[in-house]
Amino acid sequence: MAQDKEAIELMGAPGSPYTRKMLGILRYRRIPYRLLPFTRNNSAAYLDRYGERPSPKVRLLPVFYLKDEQGAKQALCDSTPLIRELESRFEGRSVVPDNPLLAFIDYLIEDYADEWLTKAMFHYRWSYPADISKAGQMLPRWHNNTAPEAEINEASKTITELQISRLSYVGSNEATGPVIEESFTKFLELLDNHLESNAFILGSRPSASDFSIYGQLTCLALFDPTPQALVTNQAPRIYAWTESLEDLSGYELLPGDWPQHSSIPNTLLALLGHIVEIYLPYLIANSEAVEAGAESMTTVISGRSWTQNPFPYQAKCLSWIRRSYGDLPEQDQLALDRSIEGTDISQYLS
């Protein structure tokens, strides 16, 4: 495992939960980095100050500029494989457990946060007037805080209209809104119960899933007014936990910080049970719709109807989760199936 000598370059924005996720990991792992401000176009002034960078295939945040084996810079955006790439480049303070079962649990929760919790983030931000107003004011300023007010106001209108129009792609509508909010409220209850006795998702040491949840909660708990009030009133412990994950560079590790799979706490198993009940049926219905080339997908989640546009990327997510589950030793699969009360995870992932 080679240690890169140069600081990693990435482009991001304060409002991006995935940027915050990756910055949290870089700080915790003590990996040197340079955060370049987000820009939608390479203006002459920007190029003069920061230089030219390659463009990613799909423009999402954050964008990492990593050198390939030939030394050429490549632009990469997907946070989950980026975490594993950093594991191969930098030694120490890993966020991926060595234990295969813990690594799978961590991966499943990370994916849930990236792909399901983000529905709550998008739903609250672009469904409630106070949240729409705040986001509309702040997002254009994060891109260019020195722009004239007239330009900010125009950008605010453009961003707000665009994001509200995308609600259907995320899955937020009149039918699904109650499912999203009930699921988020249940998630807060389960996470709060877990954090009462555990510093992090997997015990006393942060892993990738912690930072993935943290990224979404920087919006849901720390920024957007409606879910922030919910978190503050229902689970102030989660608000404090989210703040604490921003910079764990000074957090020191001890042997045994991650539990053995035989001592996974019941609070974590309860959280996993909720994820299996809510997220995996959604992924399967979405994957079937994508495979069939359907224009919309309809299923039932928690006894309620769910309809949205199919999402091809999340069909890939299901295949990656299934591959990760299939790579587990059979005894670990059986142990996980038996541990999550009332839930047979193998029926979704075999």
# chains A, B, ... in the order shown; residues from 1 in each chain; ligands from 1

call {"tool": "residues_around", "arguments": {"residues": "Tyr28 of chain A", "least_positions_apart": "6", "cutoff": "9 Å", "atoms": "only C-alpha atoms", "output": "VMD selection string"}}
result
chain A and resid 93 206 245 to 251

call {"tool": "select_by_dssp", "arguments": {"residues": "segment 93-313 of chain A", "states": "helix (DSSP H, G or I)", "output": "ChimeraX atom specification"}}
result
/A:100-127,129-143,149-165,167-170,177-195,208-220,225-234,236-244,261-263,266-292,312-313

call {"tool": "residues_around", "arguments": {"residues": "Phe200 of chain A", "least_positions_apart": "6", "cutoff": "9 Å", "atoms": "only C-alpha atoms", "output": "number ranges by chain"}}
result
A: 194, 206-207, 210, 241

call {"tool": "write_last_selection", "arguments": {"atoms": "C-alpha atoms", "output": "compact mmCIF listing (two decimals), in the first residue's frame"}}
result
# COMPACT_ATOMS: atom_id res chain seq x y z
CA HIS A 194 -27.82 3.01 19.28
CA PRO A 206 -15.84 5.38 12.94
CA SER A 207 -16.33 3.58 9.65
CA ASP A 210 -20.73 6.87 9.98
CA TRP A 241 -23.10 13.52 17.12

call {"tool": "residues_around", "arguments": {"residues": "Arg166 of chain A", "least_positions_apart": "2", "cutoff": "12 Å", "atoms": "only C-alpha atoms", "output": "ChimeraX atom specification"}}
result
/A:119,122-123,125-127,159-164,168-173,308-309

call {"tool": "residues_around", "arguments": {"residues": "Gln74 of chain A", "least_positions_apart": "2", "cutoff": "10 Å", "atoms": "only C-alpha atoms", "output": "short mmCIF file (atom, residue, chain, number, x, y, z; two decimals) with N, CA and C atoms, in the first residue's frame"}}
result
data_model
loop_
_atom_site.label_atom_id
_atom_site.label_comp_id
_atom_site.auth_asym_id
_atom_site.auth_seq_id
_atom_site.Cartn_x
_atom_site.Cartn_y
_atom_site.Cartn_z
N ARG A 53 -8.59 21.20 -15.00
CA ARG A 53 -8.72 19.83 -14.51
C ARG A 53 -9.56 19.03 -15.50
N PRO A 54 -9.38 17.70 -15.54
CA PRO A 54 -10.23 16.88 -16.41
C PRO A 54 -11.67 16.91 -15.93
N SER A 55 -12.60 16.65 -16.83
CA SER A 55 -14.02 16.63 -16.49
C SER A 55 -14.47 15.19 -16.23
N PRO A 56 -15.32 14.97 -15.22
CA PRO A 56 -15.83 13.62 -14.96
C PRO A 56 -16.87 13.23 -15.99
N VAL A 63 -15.85 16.07 -6.78
CA VAL A 63 -15.03 15.52 -7.86
C VAL A 63 -13.62 15.38 -7.32
N PHE A 64 -13.08 14.15 -7.32
CA PHE A 64 -11.70 13.91 -6.91
C PHE A 64 -10.82 13.83 -8.15
N TYR A 65 -9.64 14.44 -8.07
CA TYR A 65 -8.68 14.39 -9.16
C TYR A 65 -7.51 13.52 -8.71
N LEU A 66 -7.56 12.26 -9.08
CA LEU A 66 -6.55 11.29 -8.66
C LEU A 66 -5.71 10.88 -9.87
N LYS A 67 -4.43 10.64 -9.63
CA LYS A 67 -3.55 10.22 -10.72
C LYS A 67 -3.69 8.71 -10.94
N ASP A 68 -3.72 8.33 -12.22
CA ASP A 68 -3.75 6.91 -12.54
C ASP A 68 -2.33 6.35 -12.53
N GLY A 71 0.26 8.38 -14.15
CA GLY A 71 0.49 9.72 -13.63
C GLY A 71 -0.45 10.77 -14.17
N ALA A 72 -1.42 10.36 -14.99
CA ALA A 72 -2.38 11.32 -15.54
C ALA A 72 -3.54 11.48 -14.58
N LEU A 76 -12.99 11.62 -10.67
CA LEU A 76 -13.85 10.57 -10.13
C LEU A 76 -14.84 11.17 -9.15
#

call {"tool": "closest_residue", "arguments": {"among": "A:Leu188, A:Ala315, A:Ala175, A:Val58", "to": "His274 of chain A", "atoms": "only C-alpha atoms"}}
result
A:Leu188

call {"tool": "atom_distance", "arguments": {"atom1": "atom CA of Asp106 of chain A", "atom2": "atom CA of Ser209 of chain A"}}
result
5.4 Å

call {"tool": "select_by_dssp", "arguments": {"residues": "segment 29-261 of chain A", "states": "strand (DSSP E or B)", "output": "PyMOL selection string"}}
result
chain A and resi 33-37+63-67+73-76+200+203

call {"tool": "write_last_selection", "arguments": {"atoms": "N, CA and C atoms", "output": "CSV table (one decimal), in the first residue's frame"}}
result
chain,number,residue,atom,x,y,z
A,33,TYR,N,-5.2,17.2,1.8
A,33,TYR,CA,-6.1,17.5,0.6
A,33,TYR,C,-6.1,19.0,0.3
A,34,ARG,N,-6.5,19.3,-0.9
A,34,ARG,CA,-6.8,20.7,-1.3
A,34,ARG,C,-8.2,20.7,-1.8
A,35,LEU,N,-9.1,21.5,-1.2
A,35,LEU,CA,-10.5,21.6,-1.6
A,35,LEU,C,-10.6,22.8,-2.5
A,36,LEU,N,-10.9,22.5,-3.8
A,36,LEU,CA,-11.1,23.5,-4.8
A,36,LEU,C,-12.6,23.9,-4.8
A,37,PRO,N,-12.9,25.2,-4.9
A,37,PRO,CA,-14.3,25.7,-4.9
A,37,PRO,C,-15.0,25.2,-6.1
A,63,VAL,N,-15.8,16.1,-6.8
A,63,VAL,CA,-15.0,15.5,-7.9
A,63,VAL,C,-13.6,15.4,-7.3
A,64,PHE,N,-13.1,14.2,-7.3
A,64,PHE,CA,-11.7,13.9,-6.9
A,64,PHE,C,-10.8,13.8,-8.1
A,65,TYR,N,-9.6,14.4,-8.1
A,65,TYR,CA,-8.7,14.4,-9.2
A,65,TYR,C,-7.5,13.5,-8.7
A,66,LEU,N,-7.6,12.3,-9.1
A,66,LEU,CA,-6.5,11.3,-8.7
A,66,LEU,C,-5.7,10.9,-9.9
A,67,LYS,N,-4.4,10.6,-9.6
A,67,LYS,CA,-3.5,10.2,-10.7
A,67,LYS,C,-3.7,8.7,-10.9
A,73,LYS,N,-4.0,12.7,-14.4
A,73,LYS,CA,-5.1,13.0,-13.5
A,73,LYS,C,-6.5,12.5,-14.1
A,74,GLN,N,-7.3,11.9,-13.3
A,74,GLN,CA,-8.6,11.4,-13.7
A,74,GLN,C,-9.6,12.0,-12.7
A,75,ALA,N,-10.8,12.3,-13.2
A,75,ALA,CA,-11.9,12.9,-12.4
A,75,ALA,C,-12.8,11.8,-12.0
A,76,LEU,N,-13.0,11.6,-10.7
A,76,LEU,CA,-13.8,10.6,-10.1
A,76,LEU,C,-14.8,11.2,-9.1
A,200,PHE,N,-20.1,5.2,17.8
A,200,PHE,CA,-20.2,5.2,16.3
A,200,PHE,C,-21.1,4.0,15.9
A,203,GLY,N,-19.4,0.7,17.0
A,203,GLY,CA,-18.8,0.6,18.3
A,203,GLY,C,-18.0,1.9,18.6

call {"tool": "residues_around", "arguments": {"residues": "segment 338-340 of chain A", "least_positions_apart": "4", "cutoff": "7 Å", "atoms": "only C-alpha atoms", "output": "list in words"}}
result
Leu269, Gly273 and Leu334 of chain A

call {"tool": "closest_atom_pairs", "arguments": {"of": "segment 7-79 of chain A", "to": "segment 134-138 of chain A", "cutoff": "12 Å", "atoms": "only C-alpha atoms", "output": "JSON lines"}}
result
{"residue": "A:Ala13", "atom": "CA", "partner": "A:Met138", "partner_atom": "CA", "distance": 11.2}
{"residue": "A:Pro14", "atom": "CA", "partner": "A:Met138", "partner_atom": "CA", "distance": 9.8}
{"residue": "A:Gly15", "atom": "CA", "partner": "A:Met138", "partner_atom": "CA", "distance": 8.5}
{"residue": "A:Ser16", "atom": "CA", "partner": "A:Ala135", "partner_atom": "CA", "distance": 11.7}

call {"tool": "write_last_selection", "arguments": {"atoms": "N, CA and C atoms", "output": "PDB file, in the first residue's frame"}}
result
ATOM      1  N   ALA A  13     -18.595  21.497  -2.575  1.00  0.00           N
ATOM      2  CA  ALA A  13     -19.388  22.643  -2.127  1.00  0.00           C
ATOM      3  C   ALA A  13     -19.903  22.370  -0.727  1.00  0.00           C
ATOM      4  N   PRO A  14     -20.049  23.410   0.113  1.00  0.00           N
ATOM      5  CA  PRO A  14     -20.493  23.212   1.500  1.00  0.00           C
ATOM      6  C   PRO A  14     -21.843  22.519   1.621  1.00  0.00           C
ATOM      7  N   GLY A  15     -22.733  22.729   0.654  1.00  0.00           N
ATOM      8  CA  GLY A  15     -24.069  22.151   0.749  1.00  0.00           C
ATOM      9  C   GLY A  15     -24.188  20.735   0.257  1.00  0.00           C
ATOM     10  N   SER A  16     -23.121  20.158  -0.253  1.00  0.00           N
ATOM     11  CA  SER A  16     -23.167  18.798  -0.787  1.00  0.00           C
ATOM     12  C   SER A  16     -22.935  17.782   0.320  1.00  0.00           C
TER      13      SER A  16
END

call {"tool": "decode", "arguments": {"residues": "segment 52-68 of chain A", "atoms": "N, CA and C atoms", "output": "PDB file, in the first residue's frame"}}
result
ATOM      1  N   GLU A  52      -6.397  24.038 -14.977  1.00  0.00           N
ATOM      2  CA  GLU A  52      -7.415  23.219 -15.652  1.00  0.00           C
ATOM      3  C   GLU A  52      -7.404  21.807 -15.092  1.00  0.00           C
ATOM      4  N   ARG A  53      -8.585  21.197 -14.999  1.00  0.00           N
ATOM      5  CA  ARG A  53      -8.725  19.833 -14.513  1.00  0.00           C
ATOM      6  C   ARG A  53      -9.555  19.030 -15.503  1.00  0.00           C
ATOM      7  N   PRO A  54      -9.375  17.701 -15.538  1.00  0.00           N
ATOM      8  CA  PRO A  54     -10.227  16.883 -16.408  1.00  0.00           C
ATOM      9  C   PRO A  54     -11.665  16.913 -15.929  1.00  0.00           C
ATOM     10  N   SER A  55     -12.601  16.650 -16.832  1.00  0.00           N
ATOM     11  CA  SER A  55     -14.024  16.626 -16.491  1.00  0.00           C
ATOM     12  C   SER A  55     -14.470  15.191 -16.227  1.00  0.00           C
ATOM     13  N   PRO A  56     -15.315  14.973 -15.219  1.00  0.00           N
ATOM     14  CA  PRO A  56     -15.833  13.620 -14.956  1.00  0.00           C
ATOM     15  C   PRO A  56     -16.869  13.233 -15.992  1.00  0.00           C
ATOM     16  N   LYS A  57     -17.145  11.933 -16.101  1.00  0.00           N
ATOM     17  CA  LYS A  57     -18.164  11.455 -17.029  1.00  0.00           C
ATOM     18  C   LYS A  57     -19.537  12.003 -16.648  1.00  0.00           C
ATOM     19  N   VAL A  58     -19.837  11.992 -15.353  1.00  0.00           N
ATOM     20  CA  VAL A  58     -21.076  12.569 -14.828  1.00  0.00           C
ATOM     21  C   VAL A  58     -20.673  13.589 -13.780  1.00  0.00           C
ATOM     22  N   ARG A  59     -21.160  14.809 -13.906  1.00  0.00           N
ATOM     23  CA  ARG A  59     -20.714  15.886 -13.028  1.00  0.00           C
ATOM     24  C   ARG A  59     -21.509  15.883 -11.718  1.00  0.00           C
ATOM     25  N   LEU A  60     -20.950  15.248 -10.714  1.00  0.00           N
ATOM     26  CA  LEU A  60     -21.524  15.212  -9.374  1.00  0.00           C
ATOM     27  C   LEU A  60     -20.474  15.708  -8.389  1.00  0.00           C
ATOM     28  N   LEU A  61     -20.913  16.029  -7.171  1.00  0.00           N
ATOM     29  CA  LEU A  61     -19.978  16.498  -6.147  1.00  0.00           C
ATOM     30  C   LEU A  61     -19.853  15.459  -5.034  1.00  0.00           C
ATOM     31  N   PRO A  62     -18.621  15.299  -4.520  1.00  0.00           N
ATOM     32  CA  PRO A  62     -17.394  15.990  -4.910  1.00  0.00           C
ATOM     33  C   PRO A  62     -16.745  15.320  -6.111  1.00  0.00           C
ATOM     34  N   VAL A  63     -15.849  16.066  -6.779  1.00  0.00           N
ATOM     35  CA  VAL A  63     -15.033  15.521  -7.857  1.00  0.00           C
ATOM     36  C   VAL A  63     -13.616  15.379  -7.324  1.00  0.00           C
ATOM     37  N   PHE A  64     -13.084  14.151  -7.316  1.00  0.00           N
ATOM     38  CA  PHE A  64     -11.700  13.906  -6.907  1.00  0.00           C
ATOM     39  C   PHE A  64     -10.818  13.833  -8.149  1.00  0.00           C
ATOM     40  N   TYR A  65      -9.643  14.438  -8.066  1.00  0.00           N
ATOM     41  CA  TYR A  65      -8.681  14.393  -9.162  1.00  0.00           C
ATOM     42  C   TYR A  65      -7.509  13.525  -8.713  1.00  0.00           C
ATOM     43  N   LEU A  66      -7.558  12.257  -9.075  1.00  0.00           N
ATOM     44  CA  LEU A  66      -6.549  11.291  -8.664  1.00  0.00           C
ATOM     45  C   LEU A  66      -5.710  10.876  -9.868  1.00  0.00           C
ATOM     46  N   LYS A  67      -4.431  10.644  -9.633  1.00  0.00           N
ATOM     47  CA  LYS A  67      -3.550  10.215 -10.715  1.00  0.00           C
ATOM     48  C   LYS A  67      -3.690   8.712 -10.937  1.00  0.00           C
ATOM     49  N   ASP A  68      -3.721   8.332 -12.220  1.00  0.00           N
ATOM     50  CA  ASP A  68      -3.749   6.910 -12.539  1.00  0.00           C
ATOM     51  C   ASP A  68      -2.328   6.355 -12.531  1.00  0.00           C
TER      52      ASP A  68
END
